[in-house]
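As provided, run-v9.csv (CSV, C-alpha atoms and all ligand atoms) reads as follows.
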```csv
chain,number,residue,atom,x,y,z
A,1,MET,CA,104.6,82.7,84.2
A,2,ARG,CA,103.6,85.5,81.8
A,3,VAL,CA,104.6,89.1,81.8
A,4,THR,CA,102.3,91.7,80.2
A,5,PHE,CA,103.1,95.3,79.7
A,6,LEU,CA,100.0,97.4,80.3
A,7,GLY,CA,102.0,100.4,79.0
A,8,THR,CA,105.4,100.6,77.3
A,9,GLY,CA,105.8,104.2,76.6
A,10,THR,CA,106.2,107.7,78.0
A,11,SER,CA,102.9,109.2,76.9
A,12,SER,CA,99.5,109.3,78.5
A,13,GLY,CA,97.7,107.0,76.2
A,14,VAL,CA,95.8,110.0,74.8
A,15,PRO,CA,96.7,111.1,71.3
A,16,ILE,CA,98.3,114.5,71.2
A,17,VAL,CA,96.0,116.9,69.4
A,18,GLY,CA,97.6,118.1,66.2
A,19,CYS,CA,100.4,115.5,66.2
A,20,ASP,CA,100.8,113.8,62.9
A,21,CYS,CA,102.7,110.7,64.0
A,22,ALA,CA,101.1,107.3,63.2
A,23,THR,CA,100.6,106.6,67.0
A,24,CYS,CA,98.6,109.8,67.6
A,25,ARG,CA,96.6,109.4,64.3
A,26,SER,CA,95.4,106.0,65.3
A,27,ASP,CA,92.0,105.5,66.8
A,28,ASP,CA,93.0,102.1,68.4
A,29,PRO,CA,93.9,102.5,72.1
A,30,ARG,CA,96.4,99.6,71.6
A,31,ASP,CA,98.5,101.8,69.4
A,32,GLN,CA,98.9,104.3,72.2
A,33,ARG,CA,102.0,103.6,74.3
A,34,TRP,CA,100.6,104.5,77.7
A,35,ARG,CA,102.9,104.9,80.7
A,36,PRO,CA,104.9,101.9,82.0
A,37,SER,CA,103.2,99.3,84.3
A,38,ILE,CA,103.6,95.6,84.0
A,39,GLN,CA,101.7,92.6,85.3
A,40,ILE,CA,103.3,89.3,86.3
A,41,GLU,CA,100.8,86.5,86.2
A,42,LEU,CA,101.0,82.8,87.1
A,43,ALA,CA,98.9,80.0,85.6
A,44,ASP,CA,96.7,79.9,88.8
A,45,GLY,CA,95.8,83.5,88.3
A,46,THR,CA,98.2,85.0,90.9
A,47,SER,CA,99.0,88.5,89.8
A,48,VAL,CA,101.7,90.9,90.8
A,49,LEU,CA,101.8,94.4,89.4
A,50,VAL,CA,104.9,96.4,88.9
A,51,ASP,CA,104.4,100.2,89.3
A,52,ALA,CA,101.1,102.1,89.2
A,53,ALA,CA,101.4,104.8,86.5
A,54,THR,CA,99.2,107.9,86.6
A,55,ASP,CA,96.8,106.2,84.2
A,56,LEU,CA,96.9,102.8,86.0
A,57,ARG,CA,93.1,102.6,86.5
A,58,ALA,CA,92.4,103.3,82.8
A,59,GLN,CA,95.1,100.7,81.8
A,60,ALA,CA,93.7,98.1,84.2
A,61,LEU,CA,90.1,98.6,83.1
A,62,ARG,CA,91.1,98.4,79.4
A,63,PHE,CA,93.2,95.4,80.0
A,64,GLY,CA,90.7,93.7,82.3
A,65,VAL,CA,93.1,93.2,85.2
A,66,ASP,CA,90.7,91.9,87.9
A,67,ARG,CA,93.1,90.4,90.4
A,68,VAL,CA,96.1,92.0,92.0
A,69,ASP,CA,97.8,90.1,94.8
A,70,ALA,CA,100.6,92.6,95.4
A,71,ILE,CA,102.1,95.7,93.8
A,72,LEU,CA,105.8,96.5,93.7
A,73,PHE,CA,107.1,100.1,93.1
A,74,THR,CA,110.4,100.8,91.4
A,75,HIS,CA,110.9,104.5,92.1
A,76,SER,CA,109.0,107.7,92.9
A,77,HIS,CA,108.5,109.3,89.4
A,78,ALA,CA,104.8,110.0,88.6
A,79,ASP,CA,104.9,107.6,85.6
A,80,HIS,CA,105.6,104.8,88.1
A,81,ILE,CA,103.8,105.8,91.3
A,82,GLY,CA,101.4,108.5,90.1
A,83,GLY,CA,98.4,106.1,90.5
A,84,LEU,CA,99.3,105.0,94.0
A,85,GLU,CA,97.6,107.8,96.1
A,86,GLU,CA,94.3,107.2,94.2
A,87,LEU,CA,94.7,103.5,94.6
A,88,LEU,CA,95.2,103.7,98.4
A,89,LEU,CA,92.3,106.1,99.0
A,90,PHE,CA,90.0,104.3,96.6
A,91,ASP,CA,90.7,100.9,98.2
A,92,HIS,CA,90.2,102.4,101.7
A,93,TYR,CA,87.1,104.5,101.2
A,94,VAL,CA,85.3,102.9,98.2
A,95,ILE,CA,86.0,99.1,98.3
A,96,ASN,CA,87.2,98.7,101.9
A,97,LYS,CA,90.3,96.8,100.9
A,98,THR,CA,93.9,96.9,102.0
A,99,PRO,CA,96.4,96.6,99.2
A,100,ARG,CA,99.6,94.6,99.6
A,101,LEU,CA,102.7,96.6,98.6
A,102,ILE,CA,106.2,95.1,98.1
A,103,LEU,CA,108.6,97.8,99.4
A,104,THR,CA,112.0,97.7,100.9
A,105,GLU,CA,112.0,99.4,104.3
A,106,PRO,CA,114.2,102.3,103.2
A,107,TYR,CA,111.9,103.0,100.3
A,108,LYS,CA,108.7,102.7,102.2
A,109,LYS,CA,109.8,105.6,104.4
A,110,LEU,CA,110.8,107.7,101.5
A,111,LEU,CA,107.6,107.0,99.6
A,112,TRP,CA,105.3,108.0,102.5
A,113,GLU,CA,107.3,110.9,103.8
A,114,ARG,CA,108.2,112.6,100.5
A,115,THR,CA,105.3,111.6,98.2
A,116,LEU,CA,102.1,110.2,99.7
A,117,ARG,CA,101.8,111.9,103.1
A,118,GLY,CA,100.5,115.2,101.8
A,119,GLY,CA,97.5,113.7,100.1
A,120,CYS,CA,96.9,110.6,102.3
A,121,GLU,CA,97.6,111.6,105.9
A,122,HIS,CA,94.5,113.5,106.8
A,123,ARG,CA,91.3,111.9,107.8
A,124,GLU,CA,88.1,113.0,109.6
A,125,ASN,CA,89.5,112.2,113.0
A,126,GLY,CA,93.3,112.1,113.5
A,127,THR,CA,95.7,111.0,110.8
A,128,PHE,CA,96.6,108.0,108.8
A,129,GLN,CA,100.0,106.3,108.9
A,130,PHE,CA,101.1,104.4,105.8
A,131,ASP,CA,100.4,101.1,107.7
A,132,ASP,CA,96.7,102.1,108.1
A,133,LEU,CA,96.3,102.1,104.3
A,134,ALA,CA,98.4,99.2,103.1
A,135,ASP,CA,100.0,95.9,104.1
A,136,PHE,CA,103.6,95.3,103.3
A,137,ILE,CA,105.9,92.7,102.1
A,138,PHE,CA,109.5,93.6,103.0
A,139,PRO,CA,112.2,92.0,100.8
A,140,SER,CA,115.5,91.2,102.7
A,141,VAL,CA,118.9,92.6,101.8
A,142,ILE,CA,121.1,89.9,100.2
A,143,ALA,CA,123.9,92.2,99.0
A,144,GLU,CA,125.1,95.7,99.7
A,145,LEU,CA,128.2,96.1,97.6
A,146,PRO,CA,128.9,96.7,94.8
A,147,ARG,CA,125.1,97.1,94.4
A,148,GLU,CA,122.3,96.8,96.9
A,149,ILE,CA,120.1,93.8,96.1
A,150,TYR,CA,117.0,92.6,97.9
A,151,GLU,CA,115.1,89.4,97.6
A,152,THR,CA,111.6,88.2,98.4
A,153,GLU,CA,109.1,85.6,97.2
A,154,VAL,CA,105.5,86.5,96.6
A,155,GLU,CA,102.9,83.8,95.9
A,156,GLY,CA,105.6,81.6,94.4
A,157,ILE,CA,107.2,84.4,92.3
A,158,ARG,CA,110.8,85.0,93.3
A,159,LEU,CA,111.8,88.7,93.0
A,160,LEU,CA,115.3,90.1,93.1
A,161,ILE,CA,115.1,93.9,93.5
A,162,PHE,CA,118.3,95.8,92.7
A,163,ARG,CA,119.3,99.4,92.9
A,164,THR,CA,119.8,101.3,89.6
A,165,VAL,CA,121.4,104.6,88.7
A,166,HIS,CA,118.4,106.4,87.1
A,167,ILE,CA,119.6,109.8,88.4
A,168,PRO,CA,123.3,109.9,88.8
A,169,THR,CA,125.1,111.2,91.8
A,170,GLU,CA,128.0,113.5,91.0
A,171,GLY,CA,128.3,112.1,87.6
A,172,ASP,CA,129.5,108.6,88.5
A,173,ASN,CA,127.9,105.3,87.9
A,174,SER,CA,128.7,103.7,91.3
A,175,GLY,CA,125.7,104.9,93.1
A,176,SER,CA,122.7,107.2,93.2
A,177,LYS,CA,121.1,109.1,96.1
A,178,PHE,CA,117.8,108.9,94.3
A,179,TRP,CA,116.0,105.6,95.1
A,180,SER,CA,115.4,103.6,92.0
A,181,THR,CA,115.3,99.9,91.4
A,182,GLY,CA,114.9,97.2,88.8
A,183,LEU,CA,113.7,93.7,89.0
A,184,LEU,CA,114.8,90.2,88.2
A,185,ILE,CA,111.7,87.9,88.1
A,186,ASP,CA,112.3,84.2,88.9
A,187,GLY,CA,115.9,84.6,87.7
A,188,ARG,CA,114.6,84.6,84.1
A,189,VAL,CA,113.1,88.0,83.3
A,190,LEU,CA,115.1,91.2,83.9
A,191,PHE,CA,113.2,94.5,84.0
A,192,THR,CA,115.4,97.6,84.5
A,193,ALA,CA,112.5,100.0,85.1
A,194,ASP,CA,114.3,103.3,84.7
A,195,THR,CA,118.1,103.6,84.6
A,196,ARG,CA,120.7,105.4,82.7
A,197,PHE,CA,123.2,103.3,80.7
A,198,ASP,CA,124.8,100.9,83.2
A,199,PRO,CA,126.6,98.0,81.6
A,200,LEU,CA,128.0,96.9,85.1
A,201,LEU,CA,124.5,95.8,85.9
A,202,PHE,CA,124.9,92.7,83.6
A,203,GLU,CA,128.1,91.8,85.4
A,204,GLN,CA,126.7,92.2,88.9
A,205,LEU,CA,123.4,90.3,88.5
A,206,PRO,CA,123.0,86.6,88.1
A,207,MET,CA,122.5,86.5,84.3
A,208,ASP,CA,122.9,82.8,83.6
A,209,ASN,CA,119.2,81.9,83.4
A,210,VAL,CA,118.0,85.2,82.1
A,211,ASP,CA,116.2,84.8,78.8
A,212,ALA,CA,114.4,88.1,78.4
A,213,ILE,CA,115.5,91.6,79.3
A,214,PHE,CA,113.1,94.5,79.3
A,215,HIS,CA,115.3,97.7,79.2
A,216,ASP,CA,114.1,101.3,79.3
A,217,CYS,CA,115.3,103.1,76.2
A,218,GLN,CA,115.3,106.8,75.3
A,219,LEU,CA,115.3,107.4,71.6
A,220,HIS,CA,117.0,110.8,71.6
A,221,GLU,CA,120.5,111.9,72.9
A,222,PRO,CA,121.9,112.6,75.3
A,223,GLY,CA,121.1,109.9,77.9
A,224,THR,CA,121.1,111.8,81.2
A,225,VAL,CA,118.7,109.7,83.2
A,226,HIS,CA,117.8,106.9,80.7
A,227,ALA,CA,119.9,104.6,78.5
A,228,THR,CA,119.7,105.7,75.0
A,229,TYR,CA,119.1,103.6,71.9
A,230,GLU,CA,122.6,104.3,70.7
A,231,GLN,CA,124.2,103.4,74.0
A,232,LEU,CA,122.3,100.1,74.2
A,233,LYS,CA,123.4,99.3,70.6
A,234,THR,CA,127.0,99.0,72.0
A,235,LEU,CA,126.1,96.0,74.2
A,236,ASP,CA,127.1,92.5,73.2
A,237,ASN,CA,125.0,90.7,70.6
A,238,ASP,CA,123.9,88.1,73.2
A,239,LEU,CA,122.4,90.8,75.5
A,240,ARG,CA,120.8,92.7,72.7
A,241,GLY,CA,119.3,89.6,71.2
A,242,LYS,CA,117.3,89.1,74.5
A,243,MET,CA,116.5,92.8,74.9
A,244,HIS,CA,113.0,94.2,74.4
A,245,LEU,CA,113.1,98.0,74.6
A,246,THR,CA,110.5,99.7,76.8
A,247,HIS,CA,109.7,103.2,78.0
A,248,TYR,CA,110.3,104.6,74.6
A,249,GLY,CA,109.0,107.8,73.1
A,250,ASP,CA,106.4,108.2,70.4
A,251,MET,CA,109.0,108.4,67.5
A,252,PHE,CA,109.7,104.7,67.8
A,253,GLN,CA,108.4,104.0,64.3
A,254,LYS,CA,111.6,105.7,62.9
A,255,PHE,CA,113.7,102.9,64.4
A,256,ASP,CA,114.3,99.3,63.4
A,257,PRO,CA,115.4,97.4,66.5
A,258,ALA,CA,115.6,94.0,64.8
A,259,THR,CA,118.2,95.3,62.3
A,260,ASP,CA,120.2,96.6,65.2
A,261,GLY,CA,120.2,93.2,66.9
A,262,PHE,CA,117.5,93.9,69.6
A,263,ALA,CA,114.6,91.5,70.3
A,264,GLY,CA,112.4,94.5,69.5
A,265,PHE,CA,110.2,97.2,71.1
A,266,ALA,CA,108.1,95.8,73.9
A,267,GLN,CA,104.5,96.1,72.7
A,268,PRO,CA,101.7,97.3,75.0
A,269,TRP,CA,99.2,94.6,75.9
A,270,ALA,CA,101.5,91.9,74.4
A,271,ILE,CA,102.0,88.9,76.5
A,272,TYR,CA,105.5,87.5,77.0
A,273,GLN,CA,105.7,84.0,78.5
B,1,ZN,ZN,111.9,107.6,86.3
B,2,ZN,ZN,109.7,106.3,84.0
```
For this file, write the structure as structure tokens.
Amino acid sequence: MRVTFLGTGTSSGVPIVGCDCATCRSDDPRDQRWRPSIQIELADGTSVLVDAATDLRAQALRFGVDRVDAILFTHSHADHIGGLEELLLFDHYVINKTPRLILTEPYKKLLWERTLRGGCEHRENGTFQFDDLADFIFPSVIAELPREIYETEVEGIRLLIFRTVHIPTEGDNSGSKFWSTGLLIDGRVLFTADTRFDPLLFEQLPMDNVDAIFHDCQLHEPGTVHATYEQLKTLDNDLRGKMHLTHYGDMFQKFDPATDGFAGFAQPWAIYQ
């Protein structure tokens, strides 16, 4: 199995005019951090995408992603689902295909009603339902407390989907009304997607076989909806040593994650296997 980050940052993949940082000065698209989407790929070519950022089509074209068996969505911010409406309509009208989406049943309803319906519902005659535009894989609930966890297997890839506390509810860490999830892939690769600092996560998930953690990381303080670099530095050496930082801002060159005990910044287009 290999995991590839099509994007690891928070920017659009387009250099900011007038910005003098090394990232924006570079002409090489690989130096741009793009928005976060990942591809999980098996040796036989099976491919599952996690999230479809606003710039997914550009990322996929640049990276040469030509096979997608299913797509999983972690939460409804545009840097994670901004490419979904276009994908649904393009697949339906242009290539006559029905994409397969991995969604828990509660999130499927939220995603359609609160995000997609406005742009996708209307057709020449009548209306579309979400089921007209996509097929679904529904993970089953395997735990509700202390944290909701769902499980499914897609083309031989075992996925554990767990709730995260990206946007806190009433200032505590025990739950969040905002639907956000992370992912444990085959028990070995942990991807937090977006969460604020939440050390309980590592006590509540089966961590024994995890050998790589991809954790979102905000480089500035305070950490309201993401874990900050300084907060992640307080975790045990063992966790930090496996931790690749993702979803980081353009000022990453001012940091030295190896010195601080992290595995490093996840690199766009790099393959982890
Ligand atoms: Zn988010
Ligand atoms: Zn995000």
Quiz item: Between A:Val165, A:Leu72, A:Leu49, A:Leu111, which has the minimum distance to ligand ZN 1 (chain B) (counting all atoms listed in the file)?
Solution: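 Comparing A:Val165, A:Leu72, A:Leu49, A:Leu111 against ligand ZN 1 (chain B), the winner is A:Val165.
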Quiz prompt | Contacts with ligand ZN 2 (chain B) at most 9 Å, all atoms listed in the file counted, listed as a list in words | solution =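 Going residue by residue within 9 Å of ligand ZN 2 (chain B), we get Gly9, Thr10, Arg35, Pro36, Ala53, His75, His77, Ala78, Asp79, His80, Ala193, Asp194, Thr195, Asp216, His226 and His247 of chain A.
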Quiz item: Can you list, as a PyMOL selection string, every protein, DNA or RNA residue that comes within 12 Å of Asp236 in chain A when you count only C-alpha atoms, leaving out same-chain residues fewer than 6 positions away?
Solution: chain A and resi 199+202+242-243+260-262
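Pairwise distance (CA of Leu190 in chain A, CA of Asp66 in chain A) equals 24.7 Å.
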Exercise. Go through A:Ala227, A:Leu87, A:Ile185, A:Leu110 one by one, measure the shortest atom-to-atom distance of each to Asn209 in chain A using all atoms listed in the file, and give the residue with the smallest value.
Key: A:Ile185
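Among the candidate residues A:Phe130, A:Phe162, A:Phe73, A:Phe255, the one lying nearest to ligand ZN 1 (chain B) is A:Phe73, with distances computed using all atoms listed in the file.
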Self-check item: For Ala266 in chain A, the nearest of the candidates A:Thr98, A:Thr234, A:Thr246, A:Thr54, counting all atoms listed in the file
Solution: A:Thr246
Self-check item: Nearest-residue call for ligand ZN 1 (chain B), choices A:Gln39, A:Ser140, A:Thr181, A:Thr169, using only C-alpha atoms and all ligand atoms
Solution: A:Thr181
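The gap separating CA of Tyr248 in chain A from CA of Leu235 in chain A is 18.0 Å, in Å to one decimal.
Of the residues under consideration (A:Glu86, A:His122, A:Val141, A:Val48), A:Val48 shows the shortest atom-to-atom contact distance to Leu101 in chain A when counting only C-alpha atoms.
The space between CA of Gly64 in chain A and CA of Glu41 in chain A spans 13.0 Å.
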Practice problem: May I have the residues within 9 Å of Leu183 in chain A as a list in words, using all atoms listed in the file and disregarding those fewer than 6 positions away in the same chain? | Solution: Thr74, Leu159, Leu160, Ile161, Phe162, Arg163, Val189, Leu190, Phe191, Thr192 and Ala193 of chain A
Quiz item: At a cut-off of 9 Å from (105.1, 94.7, 99.9) in the coordinates of the file, what residues are picked up using all atoms listed in the file, written as a PyMOL selection string?
Solution: chain A and resi 70-73+99-104+134-139+154
Practice problem: Please provide as a PyMOL selection string all residues within 6 Å of His244 in chain A, with the sequence filter that same-chain residues fewer than 6 positions apart are discarded (counting all atoms listed in the file). | Solution: chain A and resi 214+263-266
Show which residues sit within 12 Å of Val65 in chain A, as an mmCIF file with C-alpha atoms, in the coordinates of the input. Count only C-alpha atoms, and ignore same-chain residues fewer than 6 positions away.
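What landed in result_6.cif:
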```cif
data_model
loop_
_atom_site.group_PDB
_atom_site.id
_atom_site.type_symbol
_atom_site.label_atom_id
_atom_site.label_comp_id
_atom_site.auth_asym_id
_atom_site.auth_seq_id
_atom_site.Cartn_x
_atom_site.Cartn_y
_atom_site.Cartn_z
ATOM 1 C CA THR A 4 102.300 91.700 80.200
ATOM 2 C CA PHE A 5 103.100 95.300 79.700
ATOM 3 C CA LEU A 6 100.000 97.400 80.300
ATOM 4 C CA SER A 37 103.200 99.300 84.300
ATOM 5 C CA ILE A 38 103.600 95.600 84.000
ATOM 6 C CA GLN A 39 101.700 92.600 85.300
ATOM 7 C CA ILE A 40 103.300 89.300 86.300
ATOM 8 C CA GLU A 41 100.800 86.500 86.200
ATOM 9 C CA GLY A 45 95.800 83.500 88.300
ATOM 10 C CA THR A 46 98.200 85.000 90.900
ATOM 11 C CA SER A 47 99.000 88.500 89.800
ATOM 12 C CA VAL A 48 101.700 90.900 90.800
ATOM 13 C CA LEU A 49 101.800 94.400 89.400
ATOM 14 C CA LEU A 56 96.900 102.800 86.000
ATOM 15 C CA ARG A 57 93.100 102.600 86.500
ATOM 16 C CA ALA A 58 92.400 103.300 82.800
ATOM 17 C CA GLN A 59 95.100 100.700 81.800
ATOM 18 C CA TRP A 269 99.200 94.600 75.900
#
```
